[in-house]
Structure formats: structure tokens, C-alpha cells
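Have a look at the structure below before the remarks.
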2 protein chains.
Amino acid sequence: MKGKFYGVGVGPGDPGLLTIKAKRILEAADFIAVPKTAADKESLALKIALGAIEKRNGILELLFPMSYDGNTLGDSWNTAILAVRKKLDEGSDVAFITLGDPMVFSTFIYVYKELKRQGYETEVVPGITSFCASAARAGVSLAEGSETLAIIPSAYDCSELDDIFDKFDNVVLMKISRNFARLVDKLEKHGLKENSVMVSRCGCEDERIERELGKVDPENVHYMSTIIVKKKQL
Amino acid sequence: MKGKFYGVGVGPGDPGLLTIKAKRILEAADFIAVPKTAADKESLALKIALGAIEKRNGILELLFPMSYDGNTLGDSWNTAILAVRKKLDEGSDVAFITLGDPMVFSTFIYVYKELKRQGYETEVVPGITSFCASAARAGVSLAEGSETLAIIPSAYDCSELDDIFDKFDNVVLMKISRNFARLVDKLEKHGLKENSVMVSRCGCEDERIERELGKVDPENVHYMSTIIVKKKQL
């Protein structure tokens, strides 16, 4: 019998934010599949998972180099899919871990879609998103009552930001490090700079919460940072 | 010493989706505060929590009647805040449970803000949102790559929906039961009906996943239903 393919969200940083189900599945899986951007790089997702589980079986490392080249990406996905398939065909269960939630901006989605298309049994275990964890740590709501919420993953190249700031009650900006100064200018223009809070490395030992974005050095913004913008004051 | 006030998300339905930290805090808390809409109604949040924890101390029921009257709401919030304060002042830790995540559309937020303002020690433990869990169960992503995501909590009275369907790559519609037929019409007008999936009672025993919204009886849509709309095909 073929193995089952799991996607398991491990949350943003604190091992305590794995779900009970995620812990159980990772402890039982024959292989934990770990996406890495380079062979010699540590995987934060694996570090979080190992902080939560009490036993484990095999580790299957999958390489997804950072690239904007479609061919390079396609090759790495295909290689990853073949590696997972081999284990599944041998009858092993494979649990692919992702930071945050598997269905929100993760490499997992591509591998999952293809394996599902090929008829493998699959299951996704949701995880705590970085924006929910950041809101909890900063002590601000993401949305109240009938307020709207926009999640903008690549704030650096979103041309619709002005319109979104006008129309939405709450906005979450992710991947902000590359264009931080311009984003802060835009927030100021909309009168929203004082209504914004940034959480970096949420749940990790070096977590930082910044409530005065104007005082942040734009050159030193960690790539794992999220800004929560609220039209109503914080 | 005064007690600590926790907000704890219990996720959308499956007790396995509580986090490890949520379980630990609920097992240790002197009181689990349970919001209820009526004294004789069962609390789904409590049912989920009790399905996950192995021991518990006291239960503190808080009444939040369904109401659109500001005075009624204000009275119930004040009564709830006083009841929690009494326990905190006696040195008891109180953990207020919420469905999904405490920072996303929950009654907890108002109680939390006020107790924080009054100087009580607080901590929020994030939970799995219904939209992440629904995406996992339906097997569709909420957002990929640099796609945008809009979360619309009260889809029945959102006048901006046409604009949002035009501009966003992915849209989550919550509280859809009251105006389901009109929403489906709107999705059809935008050519998005076939790209939508509805999950009702996610993670509960009577969970339903509907991929053909046109075939759903508008009179029988559960209030705990979420529609995920994707501009790219499912």
C-alpha cells in the first residue's frame, strides 16, 4: 500500500504553537520532509518541529533554491516531487513541514497539488499563521465586528496598496524588508503610520515588536517581519 | 498577586487543532472563561477544548446575548469584565476561550482591551482560523506566491464586494448564510462561481464541503460556513 502525504504547518516560531494533531502526525510519520533553500542552511521549520515532538523517524531534505527563474524552480519542484513519490511508493508516510500554515504562501502547495493530481492520498494540517501570531504578540486585533482584512504577501511590489489602504479596515503586510522605507512613506501619506505595528521573528528568541515605524532602520528589517495596519487606532 | 488573563483560540472544531500551548494553559488555568449567547446553550468552544485537555479546574460562564443594541452589548461586556476581574483580583488565572483565533472577529477582543487598559497581565495564544482549516479540508490554497488575499467577515453587508472580486486574487467570505443566494449571484456575475468552494462546520462531525454552490439550498446554509473564492481555477 502506498504511503500518505501530509502537509503540516508548524506555525511561525514557538514550538508550543504546533497543534496537537501536527505533533502526533510528525511523531508517527516515516519521513519528515524538510524544504531548504540550500543544503548547508538550517531549516527553521525543522528546528521548530523538533522543539515540539518527542520522537521522530527519518528526515527527507528537499532543495528549493531561491530563484526567480521558472526553469530552476520547475526543476527543483520536480526533483522534490520525485523524492517524495519514491518514499510514498515504498509505503512510507511523508509529512512535509511548512512555516505558518501550508495553504498560505508556501512551497508545499505546488508539491501537494501535483501529488494529489497523481492520485496519492493527502491530508493538510493547518498551522498558526505569522499574522495571527504577530497580532497575539502585539496585542492588537486583526479584525473586529464586521471589519474587513486584507493580507498582502509581497508588499514590495503591490501596486494596489493605496487603494487597499483606502478601502480596508485592517491590512497585513508581509515580505516588507525589501522596500521598507517606501512602505513607511506610504503609511504616513495615508495617516496610518501611527496605527501600524511591526513584529519581527515572531515567537523566536530574538522577536522584536516595533510600535514606532519611523524609528526603525530600514536597512535592518528582518525578512520575517509583518506589519499590521489598523484604520481605527491601535 | 493578581491572576493573569489569557485569550486562547481553540480553532474551528477539531480538538486536535488546539495548539500544544493552548492545551497546557487551559489545563493549568484556575478558570476557563466560556462565552455563551444564552445560559442554556451549549458552548461549541468549550466542547472543543474539553475534547483536547486531560484535566481542568473551574469554569466561568459569561453571557453575551446576540444583540444589535449597543446598550445591551455594553451591559453584557461590563458584566463579563467584572466577573473576570473578580477572579483575577482573587489571584486566579483566567483563560478566555474563543473559536478560531482570539484576534479575528471574537468577543474576547473587547474584554481583553479593557482588562489590559486596567493594567492586568495578559497573554494571547493564537488559534487556527476557520479559513485556514477550511482551505486545508477543501485542499485549496488561500494564496500562492505574491497573490493577495481578502478576508470579508460579514459578506452579507459588504458593499465593496464587486470591487474586491475584481482586485483580489483570493477572497474568503464569512457569515454568508444570511444572504447566500445574492452572494452566489454575485460570484456568477464575476465568473467566479466555479472557482468557489464552501466549507460548513469545518472539523466537526457533520462537516460539509460543497464545490457546486449552484446546487446548495440557500435556506439550509449553516451559519458556520466559509466560502473560498479563487481567481485562478481551483
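In the C-alpha cells, chains take the letters A, B, ... in the order shown, each chain's residues start at 1, and ligands count up from 1 in the order shown.
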
Over all C-alpha pairs taken in sequence order, what does chain A look like after a least-squares fit onto chain B? Please give it as a short mmCIF file (atom, residue, chain, number, x, y, z; two decimals) with C-alpha atoms, in the first residue's frame.
```
data_model
loop_
_atom_site.label_atom_id
_atom_site.label_comp_id
_atom_site.auth_asym_id
_atom_site.auth_seq_id
_atom_site.Cartn_x
_atom_site.Cartn_y
_atom_site.Cartn_z
CA MET A 1 -0.73 38.73 43.48
CA LYS A 2 -3.30 39.23 40.80
CA GLY A 3 -4.05 36.47 38.30
CA LYS A 4 -3.21 36.55 34.62
CA PHE A 5 -5.79 36.85 31.85
CA TYR A 6 -5.31 34.61 28.79
CA GLY A 7 -7.10 34.58 25.47
CA VAL A 8 -6.89 31.12 23.97
CA GLY A 9 -8.00 30.18 20.46
CA VAL A 10 -9.38 26.64 20.29
CA GLY A 11 -9.59 26.51 16.48
CA PRO A 12 -12.69 25.81 14.39
CA GLY A 13 -13.91 22.40 15.54
CA ASP A 14 -11.43 19.52 15.71
CA PRO A 15 -9.91 19.30 19.25
CA GLY A 16 -6.67 18.15 17.58
CA LEU A 17 -6.28 21.67 16.21
CA LEU A 18 -5.68 23.21 19.62
CA THR A 19 -2.04 24.15 19.96
CA ILE A 20 0.22 22.46 22.49
CA LYS A 21 0.44 25.76 24.34
CA ALA A 22 -3.35 26.26 24.37
CA LYS A 23 -3.78 22.79 25.87
CA ARG A 24 -1.16 23.48 28.56
CA ILE A 25 -2.67 26.83 29.53
CA LEU A 26 -6.25 25.53 29.66
CA GLU A 27 -5.18 22.58 31.83
CA ALA A 28 -3.37 24.88 34.26
CA ALA A 29 -5.79 27.84 34.39
CA ASP A 30 -7.83 28.26 37.57
CA PHE A 31 -10.84 29.17 35.45
CA ILE A 32 -11.75 28.61 31.82
CA ALA A 33 -13.97 31.56 30.82
CA VAL A 34 -16.65 30.45 28.38
CA PRO A 35 -18.62 32.99 26.33
CA LYS A 36 -22.23 31.89 25.72
CA THR A 37 -25.11 33.54 23.89
CA ALA A 38 -27.67 32.09 26.35
CA ALA A 39 -27.38 30.32 29.70
CA ASP A 40 -29.01 27.13 28.41
CA LYS A 41 -26.99 26.95 25.18
CA GLU A 42 -24.06 24.62 24.77
CA SER A 43 -20.73 26.28 24.05
CA LEU A 44 -19.01 24.83 20.97
CA ALA A 45 -15.70 26.38 22.05
CA LEU A 46 -15.91 24.57 25.42
CA LYS A 47 -16.85 21.29 23.76
CA ILE A 48 -13.76 21.57 21.52
CA ALA A 49 -11.50 22.48 24.45
CA LEU A 50 -12.77 19.62 26.63
CA GLY A 51 -12.08 17.26 23.73
CA ALA A 52 -8.40 18.22 23.87
CA ILE A 53 -7.48 18.73 27.53
CA GLU A 54 -6.94 16.00 30.11
CA LYS A 55 -7.77 17.95 33.26
CA ARG A 56 -9.39 21.22 34.15
CA ASN A 57 -10.18 23.45 37.08
CA GLY A 58 -13.18 25.84 37.26
CA ILE A 59 -15.50 27.05 34.51
CA LEU A 60 -16.64 30.68 34.44
CA GLU A 61 -19.62 31.21 32.15
CA LEU A 62 -20.00 34.67 30.59
CA LEU A 63 -23.20 35.72 28.84
CA PHE A 64 -23.01 37.67 25.59
CA PRO A 65 -26.57 37.73 24.19
CA MET A 66 -26.85 38.12 20.40
CA SER A 67 -27.92 41.71 20.02
CA TYR A 68 -27.53 44.71 17.75
CA ASP A 69 -28.42 47.06 20.59
CA GLY A 70 -25.34 48.89 21.82
CA ASN A 71 -26.65 49.22 25.38
CA THR A 72 -27.42 45.52 25.72
CA LEU A 73 -23.98 44.65 24.34
CA GLY A 74 -22.27 47.19 26.58
CA ASP A 75 -24.06 45.81 29.66
CA SER A 76 -23.06 42.23 28.87
CA TRP A 77 -19.44 43.21 28.26
CA ASN A 78 -19.30 45.14 31.52
CA THR A 79 -20.82 42.26 33.45
CA ALA A 80 -18.35 39.85 31.84
CA ILE A 81 -15.40 42.12 32.59
CA LEU A 82 -16.45 42.44 36.24
CA ALA A 83 -16.81 38.67 36.58
CA VAL A 84 -13.34 38.07 35.14
CA ARG A 85 -11.82 40.88 37.22
CA LYS A 86 -13.19 39.36 40.41
CA LYS A 87 -11.33 36.12 39.71
CA LEU A 88 -8.14 37.91 38.68
CA ASP A 89 -8.24 40.08 41.82
CA GLU A 90 -8.51 36.91 43.93
CA GLY A 91 -5.28 35.72 42.29
CA SER A 92 -6.82 33.22 39.89
CA ASP A 93 -5.61 32.84 36.30
CA VAL A 94 -8.48 33.03 33.81
CA ALA A 95 -8.29 31.64 30.24
CA PHE A 96 -11.00 33.01 27.92
CA ILE A 97 -11.61 30.57 25.06
CA THR A 98 -12.65 31.61 21.57
CA LEU A 99 -13.49 29.69 18.41
CA GLY A 100 -10.76 30.09 15.80
CA ASP A 101 -8.26 32.79 16.70
CA PRO A 102 -8.80 35.34 19.52
CA MET A 103 -7.69 38.29 17.36
CA VAL A 104 -10.05 37.59 14.45
CA PHE A 105 -13.69 38.65 14.96
CA SER A 106 -14.11 37.48 18.54
CA THR A 107 -15.94 38.81 21.58
CA PHE A 108 -12.73 38.28 23.49
CA ILE A 109 -11.13 41.37 21.95
CA TYR A 110 -13.37 43.82 23.84
CA VAL A 111 -12.86 42.15 27.21
CA TYR A 112 -9.11 41.89 26.55
CA LYS A 113 -8.67 45.54 25.60
CA GLU A 114 -10.46 46.73 28.71
CA LEU A 115 -8.58 44.43 31.11
CA LYS A 116 -5.26 45.38 29.51
CA ARG A 117 -6.20 49.05 29.84
CA GLN A 118 -6.87 48.45 33.54
CA GLY A 119 -3.35 47.10 33.95
CA TYR A 120 -3.94 43.35 34.24
CA GLU A 121 -1.27 41.00 32.94
CA THR A 122 -2.50 39.43 29.69
CA GLU A 123 -1.36 36.93 27.07
CA VAL A 124 -2.98 35.84 23.82
CA VAL A 125 -2.47 32.34 22.42
CA PRO A 126 -3.31 32.28 18.70
CA GLY A 127 -5.62 29.64 17.25
CA ILE A 128 -6.24 28.01 13.89
CA THR A 129 -8.66 30.22 11.96
CA SER A 130 -11.73 28.75 10.27
CA PHE A 131 -10.43 29.92 6.90
CA CYS A 132 -7.08 28.13 7.25
CA ALA A 133 -8.83 24.96 8.41
CA SER A 134 -11.40 25.22 5.60
CA ALA A 135 -8.66 25.60 2.99
CA ALA A 136 -6.87 22.55 4.41
CA ARG A 137 -10.04 20.44 4.35
CA ALA A 138 -11.04 21.57 0.84
CA GLY A 139 -7.50 21.12 -0.45
CA VAL A 140 -7.24 24.61 -1.95
CA SER A 141 -4.62 27.25 -1.23
CA LEU A 142 -5.57 30.57 0.33
CA ALA A 143 -2.80 32.37 -1.53
CA GLU A 144 0.25 31.39 -3.57
CA GLY A 145 3.40 33.29 -4.50
CA SER A 146 2.62 37.00 -4.47
CA GLU A 147 -1.15 36.67 -4.68
CA THR A 148 -3.34 38.84 -2.47
CA LEU A 149 -5.99 37.63 -0.04
CA ALA A 150 -9.05 39.48 1.29
CA ILE A 151 -10.97 38.28 4.35
CA ILE A 152 -14.55 39.55 4.44
CA PRO A 153 -16.23 38.67 7.74
CA SER A 154 -19.74 39.95 7.10
CA ALA A 155 -20.21 39.21 3.45
CA TYR A 156 -23.93 39.91 3.73
CA ASP A 157 -23.51 43.64 4.14
CA CYS A 158 -20.22 44.35 2.37
CA SER A 159 -20.89 46.95 -0.32
CA GLU A 160 -17.36 46.69 -1.69
CA LEU A 161 -17.62 43.07 -2.82
CA ASP A 162 -17.68 43.82 -6.56
CA ASP A 163 -14.53 45.86 -6.30
CA ILE A 164 -12.87 43.23 -4.09
CA PHE A 165 -13.71 40.42 -6.52
CA ASP A 166 -12.15 42.51 -9.29
CA LYS A 167 -8.94 43.28 -7.49
CA PHE A 168 -8.03 40.38 -5.21
CA ASP A 169 -6.60 37.03 -6.24
CA ASN A 170 -8.31 35.19 -3.39
CA VAL A 171 -11.29 36.12 -1.24
CA VAL A 172 -12.62 34.46 1.92
CA LEU A 173 -16.30 35.15 2.67
CA MET A 174 -17.56 34.52 6.21
CA LYS A 175 -21.06 34.82 7.73
CA ILE A 176 -22.62 34.02 4.39
CA SER A 177 -25.79 32.19 5.43
CA ARG A 178 -27.96 35.29 5.71
CA ASN A 179 -27.51 36.36 2.10
CA PHE A 180 -26.29 33.23 0.38
CA ALA A 181 -28.39 33.42 -2.81
CA ARG A 182 -27.32 37.00 -3.50
CA LEU A 183 -23.67 36.11 -2.93
CA VAL A 184 -23.85 33.20 -5.36
CA ASP A 185 -25.42 35.53 -7.97
CA LYS A 186 -22.58 37.95 -7.45
CA LEU A 187 -19.96 35.21 -7.81
CA GLU A 188 -21.62 34.08 -11.04
CA LYS A 189 -21.65 37.64 -12.38
CA HIS A 190 -17.90 37.82 -11.83
CA GLY A 191 -17.35 34.40 -13.41
CA LEU A 192 -16.14 33.07 -10.07
CA LYS A 193 -18.88 30.62 -9.11
CA GLU A 194 -16.97 27.60 -10.44
CA ASN A 195 -13.85 28.83 -8.64
CA SER A 196 -15.51 28.80 -5.24
CA VAL A 197 -15.74 26.17 -2.55
CA MET A 198 -17.80 26.27 0.65
CA VAL A 199 -16.89 24.50 3.88
CA SER A 200 -19.54 24.25 6.62
CA ARG A 201 -18.92 23.15 10.23
CA CYS A 202 -15.25 22.63 9.42
CA GLY A 203 -13.68 19.87 11.50
CA CYS A 204 -16.98 18.90 13.16
CA GLU A 205 -18.64 15.53 12.68
CA ASP A 206 -21.21 16.98 10.29
CA GLU A 207 -18.69 18.93 8.20
CA ARG A 208 -19.71 19.52 4.58
CA ILE A 209 -17.62 20.61 1.58
CA GLU A 210 -19.61 21.99 -1.37
CA ARG A 211 -17.88 22.52 -4.70
CA GLU A 212 -21.04 23.35 -6.65
CA LEU A 213 -22.54 26.37 -4.97
CA GLY A 214 -25.39 26.50 -7.51
CA LYS A 215 -26.72 23.22 -6.10
CA VAL A 216 -26.82 24.36 -2.46
CA ASP A 217 -30.21 25.13 -0.92
CA PRO A 218 -29.87 28.76 0.22
CA GLU A 219 -32.26 28.11 3.11
CA ASN A 220 -30.02 25.40 4.55
CA VAL A 221 -26.65 27.07 4.79
CA HIS A 222 -25.13 26.66 8.26
CA TYR A 223 -24.00 29.91 9.90
CA MET A 224 -20.58 28.35 10.45
CA SER A 225 -19.78 28.30 6.73
CA THR A 226 -16.92 29.85 4.81
CA ILE A 227 -16.56 30.33 1.05
CA ILE A 228 -13.09 30.46 -0.49
CA VAL A 229 -13.04 32.20 -3.88
CA LYS A 230 -10.01 31.90 -6.17
CA LYS A 231 -9.42 33.89 -9.33
CA LYS A 232 -7.20 31.13 -10.66
CA GLN A 233 -9.17 27.92 -11.07
CA LEU A 234 -9.41 25.62 -8.06
#
```

* To do: Please identify which residues in stretch 7-74 of chain B DSSP calls alpha helix (DSSP H) from the backbone, and express them as a list in words.
  =>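 Alpha helix (DSSP H) assignments inside stretch 7-74 of chain B correspond to Ile20, Lys21, Ala22, Lys23, Arg24, Ile25, Leu26, Glu27, Ala28, Leu44, Ala45, Leu46, Lys47, Ile48, Ala49, Leu50, Gly51, Ala52, Gly70, Asn71, Thr72, Leu73 and Gly74 of chain B.
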
* To do: Go through stretch 71-143 of chain B and collect every residue that DSSP, computed from the backbone, puts in strand (DSSP E or B); the answer should be as a list in words.
  =>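 Matching residues for strand (DSSP E or B) in stretch 71-143 of chain B are Val94, Ala95, Phe96, Ile97, Thr98, Gly100, Val104, Thr122, Glu123, Val124, Val125 and Ala143 of chain B.
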